[in-house]
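Asker: Below you'll find coords.txt; it's compact mmCIF, C-alpha atoms.
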```txt
# COMPACT_ATOMS: atom_id res chain seq x y z
CA MET W 2 1.62 19.86 -85.12
CA ARG W 3 1.94 17.70 -88.22
CA PHE W 4 3.46 14.33 -87.32
CA ARG W 5 5.00 12.04 -89.92
CA LEU W 6 4.36 8.46 -89.03
CA PRO W 7 6.83 5.89 -90.41
CA PHE W 8 4.22 3.13 -90.69
CA LEU W 9 2.18 5.14 -93.23
CA LYS W 10 3.42 4.43 -96.75
CA SER W 11 3.50 6.99 -99.53
CA ASN W 12 0.87 6.77 -102.24
CA LYS W 13 1.47 5.97 -105.92
CA ARG W 14 2.25 9.57 -106.77
CA GLY W 15 5.01 9.62 -104.19
CA SER W 16 3.42 12.20 -101.89
CA GLU W 17 3.85 11.43 -98.22
CA ARG W 18 0.80 10.71 -96.11
CA SER W 19 0.76 12.02 -92.55
CA VAL W 20 -1.61 12.56 -89.66
CA ASP W 21 -2.40 16.22 -89.03
CA PHE W 22 -3.08 16.28 -85.30
CA GLU W 23 -4.08 19.96 -85.47
CA ARG W 24 -7.36 18.76 -87.00
CA ILE W 25 -8.11 16.68 -83.88
CA ASP W 26 -9.56 18.86 -81.14
CA ARG W 27 -8.02 16.92 -78.27
CA TYR W 28 -4.48 17.33 -79.60
CA ALA W 29 -5.00 20.99 -80.49
CA ARG W 30 -6.25 21.74 -76.98
CA HIS W 31 -3.40 19.77 -75.44
CA ALA W 32 -0.86 21.87 -77.35
CA ASP W 33 -2.42 25.07 -75.98
CA ASP W 34 -3.11 23.88 -72.46
CA ARG W 35 -3.64 20.31 -71.26
CA ASP W 36 -6.16 17.77 -72.39
CA PRO W 37 -7.17 15.58 -69.40
CA TYR W 38 -6.69 12.29 -71.22
CA LEU W 39 -3.45 13.13 -73.03
CA GLY W 40 -2.08 14.67 -69.85
CA ALA W 41 -2.87 11.48 -67.92
CA TYR W 42 -1.51 9.26 -70.70
CA PHE W 43 1.83 11.05 -71.02
CA GLU W 44 2.27 11.44 -67.26
CA ALA W 45 1.75 7.68 -66.81
CA ALA W 46 4.18 6.96 -69.66
CA ARG W 47 6.80 9.17 -68.02
CA ALA W 48 6.30 7.71 -64.55
CA THR W 49 6.57 4.11 -65.77
CA GLY W 50 9.17 4.57 -68.52
CA SER W 51 6.77 3.12 -71.06
CA SER W 52 6.71 3.27 -74.85
CA ASP W 53 4.34 5.44 -76.85
CA ASN W 54 2.70 5.33 -80.28
CA VAL W 55 -0.54 6.54 -81.84
CA PHE W 56 -2.10 3.06 -81.76
CA LYS W 57 -1.48 2.85 -78.02
CA GLN W 58 -2.89 6.34 -77.50
CA ASN W 59 -6.06 5.23 -79.28
CA ARG W 60 -6.48 1.99 -77.32
CA PHE W 61 -5.74 3.59 -73.97
CA PHE W 62 -8.25 6.36 -74.68
CA THR W 63 -10.93 3.68 -74.92
CA LEU W 64 -9.77 2.21 -71.62
CA TYR W 65 -9.67 5.66 -69.99
CA GLN W 66 -13.21 6.45 -71.11
CA MET W 67 -14.54 3.11 -69.87
CA ALA W 68 -12.84 3.48 -66.49
CA GLN W 69 -14.24 6.99 -66.13
CA ARG W 70 -17.78 6.13 -67.14
CA VAL W 71 -18.03 2.89 -65.17
CA SER W 72 -16.79 4.54 -61.97
CA GLN W 73 -18.94 7.66 -62.41
CA SER W 74 -22.09 5.74 -63.34
CA GLY W 75 -21.99 3.76 -60.13
CA VAL W 76 -21.51 0.25 -61.52
CA PRO W 77 -20.40 -1.62 -58.39
CA GLY W 78 -17.36 -3.85 -58.23
CA ASP W 79 -13.59 -3.94 -58.33
CA PHE W 80 -11.28 -3.31 -61.28
CA ALA W 81 -8.81 -5.86 -62.64
CA GLU W 82 -6.04 -5.84 -65.22
CA CYS W 83 -4.53 -8.92 -66.82
CA GLY W 84 -1.12 -7.94 -68.19
CA CYS W 85 0.38 -4.64 -67.08
CA TRP W 86 3.98 -4.76 -68.43
CA ARG W 87 5.61 -1.63 -66.90
CA GLY W 88 2.34 -0.31 -65.50
CA HIS W 89 1.47 2.38 -68.05
CA SER W 90 -2.26 1.67 -68.25
CA THR W 91 -2.36 0.71 -64.56
CA TYR W 92 -0.91 4.05 -63.48
CA MET W 93 -3.20 6.01 -65.81
CA VAL W 94 -6.36 4.27 -64.60
CA ALA W 95 -5.31 4.31 -60.94
CA ASP W 96 -4.58 8.04 -61.08
CA LEU W 97 -8.05 8.63 -62.55
CA LEU W 98 -9.69 6.51 -59.86
CA LYS W 99 -7.79 8.35 -57.13
CA SER W 100 -9.00 11.70 -58.47
CA LEU W 101 -12.58 10.40 -58.45
CA LYS W 102 -12.20 9.16 -54.84
CA TRP W 103 -13.19 5.72 -56.06
CA GLN W 104 -13.76 3.10 -53.37
CA GLY W 105 -12.68 -0.36 -54.43
CA ARG W 106 -9.73 -2.58 -55.17
CA PHE W 107 -7.71 -2.71 -58.38
CA TRP W 108 -6.27 -6.21 -58.92
CA VAL W 109 -3.34 -6.42 -61.36
CA PHE W 110 -1.85 -9.65 -62.75
CA ASP W 111 1.34 -10.16 -64.76
CA SER W 112 4.19 -12.64 -65.13
CA PHE W 113 6.64 -9.69 -64.90
CA GLU W 114 10.07 -11.31 -65.46
CA GLY W 115 8.41 -14.14 -67.41
CA GLY W 116 7.22 -11.97 -70.31
CA LEU W 117 4.54 -13.35 -72.60
CA SER W 118 3.01 -16.79 -72.29
CA ASP W 119 4.01 -19.45 -74.81
CA LYS W 120 2.26 -19.43 -78.16
CA VAL W 121 -0.15 -22.21 -79.12
CA ALA W 122 -1.57 -23.16 -82.54
CA GLN W 123 -4.30 -20.49 -82.34
CA ASP W 124 -1.60 -17.81 -82.07
CA ARG W 125 0.29 -19.05 -85.12
CA ILE W 126 -2.09 -17.75 -87.76
CA GLY W 127 -0.90 -15.42 -90.52
CA ARG W 128 1.60 -12.94 -89.16
CA GLY W 129 1.35 -14.58 -85.77
CA ASP W 130 3.38 -17.54 -87.06
CA SER W 131 6.69 -15.96 -86.12
CA SER W 132 10.09 -17.65 -86.28
CA PRO W 133 11.56 -19.13 -83.09
CA GLU W 134 13.89 -16.12 -82.84
CA ASP W 135 11.06 -13.59 -83.25
CA THR W 136 8.83 -15.53 -80.87
CA LYS W 137 11.51 -15.38 -78.18
CA ARG W 138 12.07 -11.68 -78.89
CA GLN W 139 8.34 -11.00 -78.49
CA LYS W 140 8.23 -12.98 -75.27
CA MET W 141 11.16 -11.18 -73.67
CA LYS W 142 10.13 -7.72 -74.89
CA PHE W 143 7.29 -7.73 -72.40
CA THR W 144 9.30 -8.58 -69.30
CA SER W 145 9.32 -6.11 -66.42
CA ASP W 146 10.60 -5.86 -62.87
CA TYR W 147 7.97 -6.59 -60.21
CA GLU W 148 9.60 -4.45 -57.53
CA GLN W 149 10.05 -1.52 -59.88
CA VAL W 150 6.42 -1.60 -61.00
CA GLN W 151 5.31 -1.93 -57.39
CA ALA W 152 7.34 1.14 -56.44
CA VAL W 153 5.93 3.19 -59.32
CA LEU W 154 2.37 2.31 -58.27
CA SER W 155 2.95 2.98 -54.55
CA PRO W 156 0.89 6.24 -54.62
CA PHE W 157 -2.19 4.07 -55.16
CA PRO W 158 -2.73 1.84 -52.08
CA PHE W 159 -5.89 0.31 -53.58
CA VAL W 160 -3.77 -1.33 -56.34
CA SER W 161 -2.51 -4.83 -55.59
CA LEU W 162 0.03 -6.56 -57.85
CA HIS W 163 0.05 -10.33 -58.28
CA LYS W 164 2.92 -12.11 -59.98
CA GLY W 165 2.37 -15.34 -61.90
CA TRP W 166 0.95 -17.04 -64.97
CA ILE W 167 -2.69 -16.93 -65.95
CA PRO W 168 -4.86 -18.74 -64.86
CA GLY W 169 -2.84 -20.03 -61.87
CA VAL W 170 -2.28 -16.52 -60.56
CA PHE W 171 -6.04 -16.12 -60.11
CA ASN W 172 -5.78 -18.37 -57.04
CA VAL W 173 -5.21 -15.24 -54.94
CA PRO W 174 -7.15 -15.62 -51.67
CA GLY W 175 -10.52 -13.93 -51.85
CA LEU W 176 -10.40 -13.11 -55.58
CA SER W 177 -12.97 -15.69 -56.65
CA ASP W 178 -15.52 -14.13 -54.28
CA ARG W 179 -15.21 -10.60 -55.69
CA ARG W 180 -17.41 -8.90 -58.27
CA PHE W 181 -16.06 -6.58 -60.96
CA SER W 182 -17.11 -3.49 -62.88
CA LEU W 183 -14.14 -3.22 -65.26
CA VAL W 184 -11.51 -5.69 -66.47
CA HIS W 185 -8.68 -4.81 -68.85
CA ILE W 186 -7.22 -7.81 -70.71
CA ASP W 187 -3.86 -7.13 -72.33
CA VAL W 188 -2.14 -10.50 -72.57
CA ASP W 189 -1.71 -10.73 -76.37
CA LEU W 190 -2.19 -14.49 -76.78
CA TYR W 191 -5.01 -17.00 -77.11
CA GLU W 192 -4.82 -19.05 -73.92
CA PRO W 193 -4.40 -16.25 -71.35
CA THR W 194 -7.11 -14.20 -73.11
CA ARG W 195 -9.47 -17.17 -73.05
CA ASP W 196 -8.65 -17.98 -69.42
CA SER W 197 -9.08 -14.35 -68.33
CA LEU W 198 -12.51 -14.19 -69.94
CA GLU W 199 -13.56 -17.50 -68.41
CA PHE W 200 -12.58 -16.33 -64.94
CA PHE W 201 -13.82 -12.73 -64.96
CA TYR W 202 -16.88 -12.68 -67.22
CA PRO W 203 -19.07 -14.69 -64.78
CA ARG W 204 -17.96 -12.31 -62.00
CA MET W 205 -18.89 -9.08 -63.82
CA ASN W 206 -21.74 -6.98 -62.45
CA PRO W 207 -24.46 -5.87 -64.90
CA GLY W 208 -23.19 -2.91 -66.90
CA GLY W 209 -19.60 -3.94 -66.29
CA VAL W 210 -17.06 -3.58 -69.07
CA ILE W 211 -14.24 -5.78 -70.35
CA VAL W 212 -11.66 -3.97 -72.50
CA ILE W 213 -9.59 -6.18 -74.82
CA ASP W 214 -6.34 -4.45 -75.81
CA ASP W 215 -5.10 -6.81 -78.56
CA TYR W 216 -8.35 -7.51 -80.42
CA GLY W 217 -7.69 -7.14 -84.14
CA SER W 218 -3.89 -7.35 -83.91
CA ALA W 219 -2.28 -9.06 -86.92
CA THR W 220 0.76 -9.92 -84.81
CA PHE W 221 -1.33 -11.56 -82.08
CA PRO W 222 -4.39 -13.09 -83.81
CA GLY W 223 -5.07 -15.45 -80.92
CA SER W 224 -6.57 -12.62 -78.86
CA LYS W 225 -9.39 -12.01 -81.34
CA LEU W 226 -10.00 -15.72 -81.80
CA ALA W 227 -10.36 -16.27 -78.05
CA VAL W 228 -12.77 -13.33 -77.71
CA ASP W 229 -14.89 -14.37 -80.70
CA GLU W 230 -15.17 -17.93 -79.42
CA TYR W 231 -16.17 -16.76 -75.97
CA MET W 232 -18.75 -14.27 -77.26
CA ALA W 233 -20.35 -16.99 -79.36
CA LYS W 234 -21.15 -18.75 -76.08
CA THR W 235 -22.10 -15.79 -73.88
CA LYS W 236 -23.75 -13.13 -76.08
CA PRO W 237 -22.76 -9.89 -74.28
CA SER W 238 -25.22 -7.00 -74.28
CA PHE W 239 -22.89 -4.81 -76.36
CA PHE W 240 -19.66 -5.18 -78.31
CA LEU W 241 -17.59 -2.53 -80.07
CA GLU W 242 -14.41 -3.08 -82.08
CA SER W 243 -11.99 -0.19 -82.60
CA HIS W 244 -10.62 0.54 -86.07
CA LEU W 245 -7.05 0.71 -84.68
CA MET W 246 -7.19 -2.53 -82.64
CA GLY W 247 -8.88 -3.14 -79.32
CA ALA W 248 -12.47 -3.85 -78.37
CA VAL W 249 -15.04 -3.23 -75.64
CA LEU W 250 -17.39 -5.87 -74.31
CA VAL W 251 -20.29 -4.77 -72.07
CA VAL W 252 -21.91 -7.43 -69.89
```
Take the structure in this file and express it as structure tokens.
Answerer:
Amino acid sequence: MRFRLPFLKSNKRGSERSVDFERIDRYARHADDRDPYLGAYFEAARATGSSDNVFKQNRFFTLYQMAQRVSQSGVPGDFAECGCWRGHSTYMVADLLKSLKWQGRFWVFDSFEGGLSDKVAQDRIGRGDSSPEDTKRQKMKFTSDYEQVQAVLSPFPFVSLHKGWIPGVFNVPGLSDRRFSLVHIDVDLYEPTRDSLEFFYPRMNPGGVIVIDDYGSATFPGSKLAVDEYMAKTKPSFFLESHLMGAVLVV
């Protein structure tokens, strides 16, 4: 089970570096039987027609763990997701919640056909300062079909999809009165990350978790900047950054 990853360069001696997944217990067990997380991840990818890479597997594992532990530990409140694309993470988390007989509502927000929001100055730092052509390509890469995503998520009646731009889409009736135990923010850019934090953080219950998908991305530096600025004002009880992008903020 030795995978060669194209983004790992060879060293000076010319030998090829690779990731030996047989040395990772979860992957070894999955090859022999079925690891719960990897099974859920790949089933959700198949159901939604979503892409896959080792970075995404790492980030989604963090999300999966947080969803599992928050729901099992009894932290009250709804779940929310800002940015779902084709519904990969939504399906994975919803399937977990269904298996746990979770009682609550899972609010999901995305522009769908609109793709990414427009970049602002805070997004155009380093590798984030893409050409107009690349910026448009990034924007349109993350488009998806609302009806198709809705159909894929139909086995989970507690999931509600809301189409629109952040923060305007948060004007859903009743949303501002809800409390939350987990929020997943995967919107790539500075303004929607900032606006998502400003809306949801004050509505988190104690012990609630906010998972930031794009924290530490060189392509989308605005996400980290928005989170760092917000944390400087709020001082969460716990913060953990992943080595392979992504972060967890505990209220």
Asker: Taking all atoms listed in the file into account, which of W:Asp33, W:Asp26, W:Glu44, W:Asp178 comes nearest W:Met93?
Answerer: W:Glu44
Asker: For W:Val150, which residue out of W:Tyr202, W:Phe22, W:Phe110, W:Tyr38 is the nearest one, using all atoms listed in the file?
Answerer: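 Under the stated criterion, the closest residue is W:Phe110.
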Asker: Could you tell me how far atom CA of W:Gly209 sits from atom CA of W:Val184, in Å to one decimal place?
Answerer: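 Computing it gives 8.3 Å between the two atoms.
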Asker: Name the closest residue to W:Ser100 among the candidates W:Pro156, W:Gly50, W:Gly78, W:Gly115; distances are taken between atoms, counting all atoms listed in the file.
Answerer: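 Looking only at the distances to W:Ser100, the closest residue turns out to be W:Pro156.
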Asker: Find the residues near W:Lys137: any atom within 10 Å, counting only C-alpha atoms, skip ones fewer than 4 places away on the same chain, and give them as a compact mmCIF listing (two decimals) with C-alpha atoms, keeping the file's coordinate frame.
Answerer:
```txt
# COMPACT_ATOMS: atom_id res chain seq x y z
CA GLY W 116 7.22 -11.97 -70.31
CA LEU W 117 4.54 -13.35 -72.60
CA ASP W 119 4.01 -19.45 -74.81
CA SER W 131 6.69 -15.96 -86.12
CA SER W 132 10.09 -17.65 -86.28
CA PRO W 133 11.56 -19.13 -83.09
CA MET W 141 11.16 -11.18 -73.67
CA LYS W 142 10.13 -7.72 -74.89
```
Asker: Given all atoms listed in the file as the basis, pick out the residue of W:Arg179, W:Arg195, W:Arg30, W:His185 nearest to W:Gly105.
Answerer: W:Arg179
Asker: Counting all atoms listed in the file, give me one row per residue of stretch 206-237 of chain W with an atom at most 12 Å from an atom of stretch 54-66 of chain W, showing the shortest contact pair and its distance in Å to one decimal, sorted by chain then residue number, as a Markdown table.
Answerer:
```
| residue | atom | partner | partner_atom | distance |
| --- | --- | --- | --- | --- |
| W:Val210 | CA | W:Leu64 | CA | 9.7 |
| W:Ile211 | CA | W:Leu64 | CA | 9.2 |
| W:Val212 | CA | W:Leu64 | CA | 6.5 |
| W:Ile213 | CA | W:Leu64 | CA | 9.0 |
| W:Asp214 | CA | W:Arg60 | CA | 6.6 |
| W:Asp215 | CA | W:Arg60 | CA | 9.0 |
| W:Tyr216 | CA | W:Arg60 | CA | 10.2 |
| W:Gly217 | CA | W:Arg60 | CA | 11.5 |
| W:Ser218 | CA | W:Phe56 | CA | 10.8 |
```
Asker: Pull C-alpha atoms from the residues just selected and write them as a compact mmCIF listing (two decimals), in the frame of the given file.
Answerer:
```txt
# COMPACT_ATOMS: atom_id res chain seq x y z
CA VAL W 210 -17.06 -3.58 -69.07
CA ILE W 211 -14.24 -5.78 -70.35
CA VAL W 212 -11.66 -3.97 -72.50
CA ILE W 213 -9.59 -6.18 -74.82
CA ASP W 214 -6.34 -4.45 -75.81
CA ASP W 215 -5.10 -6.81 -78.56
CA TYR W 216 -8.35 -7.51 -80.42
CA GLY W 217 -7.69 -7.14 -84.14
CA SER W 218 -3.89 -7.35 -83.91
```
Asker: What does the distance from atom CA of W:Ser90 to atom CA of W:Thr194 come to in Å, to one decimal?
Answerer: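 Rounded to one decimal, the two atoms are 17.3 Å apart.
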Asker: Record the distance separating atom CA of W:Pro207 and atom CA of W:Gly88, expressed in Å with one decimal.
Answerer: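 Computing it gives 27.4 Å between the two atoms.
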Asker: Pick out the closest residue to W:Thr220 from this set: W:Pro158, W:Gly127, W:Gly247, W:Gly208. Count all atoms listed in the file.
Answerer: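 Between W:Pro158, W:Gly127, W:Gly247, W:Gly208, the residue approaching W:Thr220 most closely is W:Gly127.
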Asker: Of the candidates W:Leu101, W:Val252, W:Val109, W:Ile126, which one gets nearest to W:Ser238 if we count all atoms listed in the file?
Answerer: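 So, comparing all the options, the nearest one is W:Val252.
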Asker: Which residues of stretch 189-245 of chain W come within 8 Å of stretch 162-174 of chain W, and for each one, what is the closest pair of atoms and their distance in Å to one decimal, counting only C-alpha atoms, sorted by chain and residue number, as JSON lines?
Answerer:
```
{"residue": "W:Pro193", "atom": "CA", "partner": "W:Ile167", "partner_atom": "CA", "distance": 5.7}
{"residue": "W:Asp196", "atom": "CA", "partner": "W:Pro168", "partner_atom": "CA", "distance": 6.0}
{"residue": "W:Ser197", "atom": "CA", "partner": "W:Pro168", "partner_atom": "CA", "distance": 7.0}
```
Asker: For W:Gln104, work out the shell of residues within 12 Å, counting all atoms listed in the file and skipping chain neighbours fewer than 4 positions away, then give it as a list in words.
Answerer: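 Listed by chain and then number, they are Ser72, Gln73, Gly75, Val76, Pro77, Gly78, Asp79, Phe80, Ala95, Leu98, Lys99, Ser100, Phe157, Pro158, Phe159 and Val160 of chain W.
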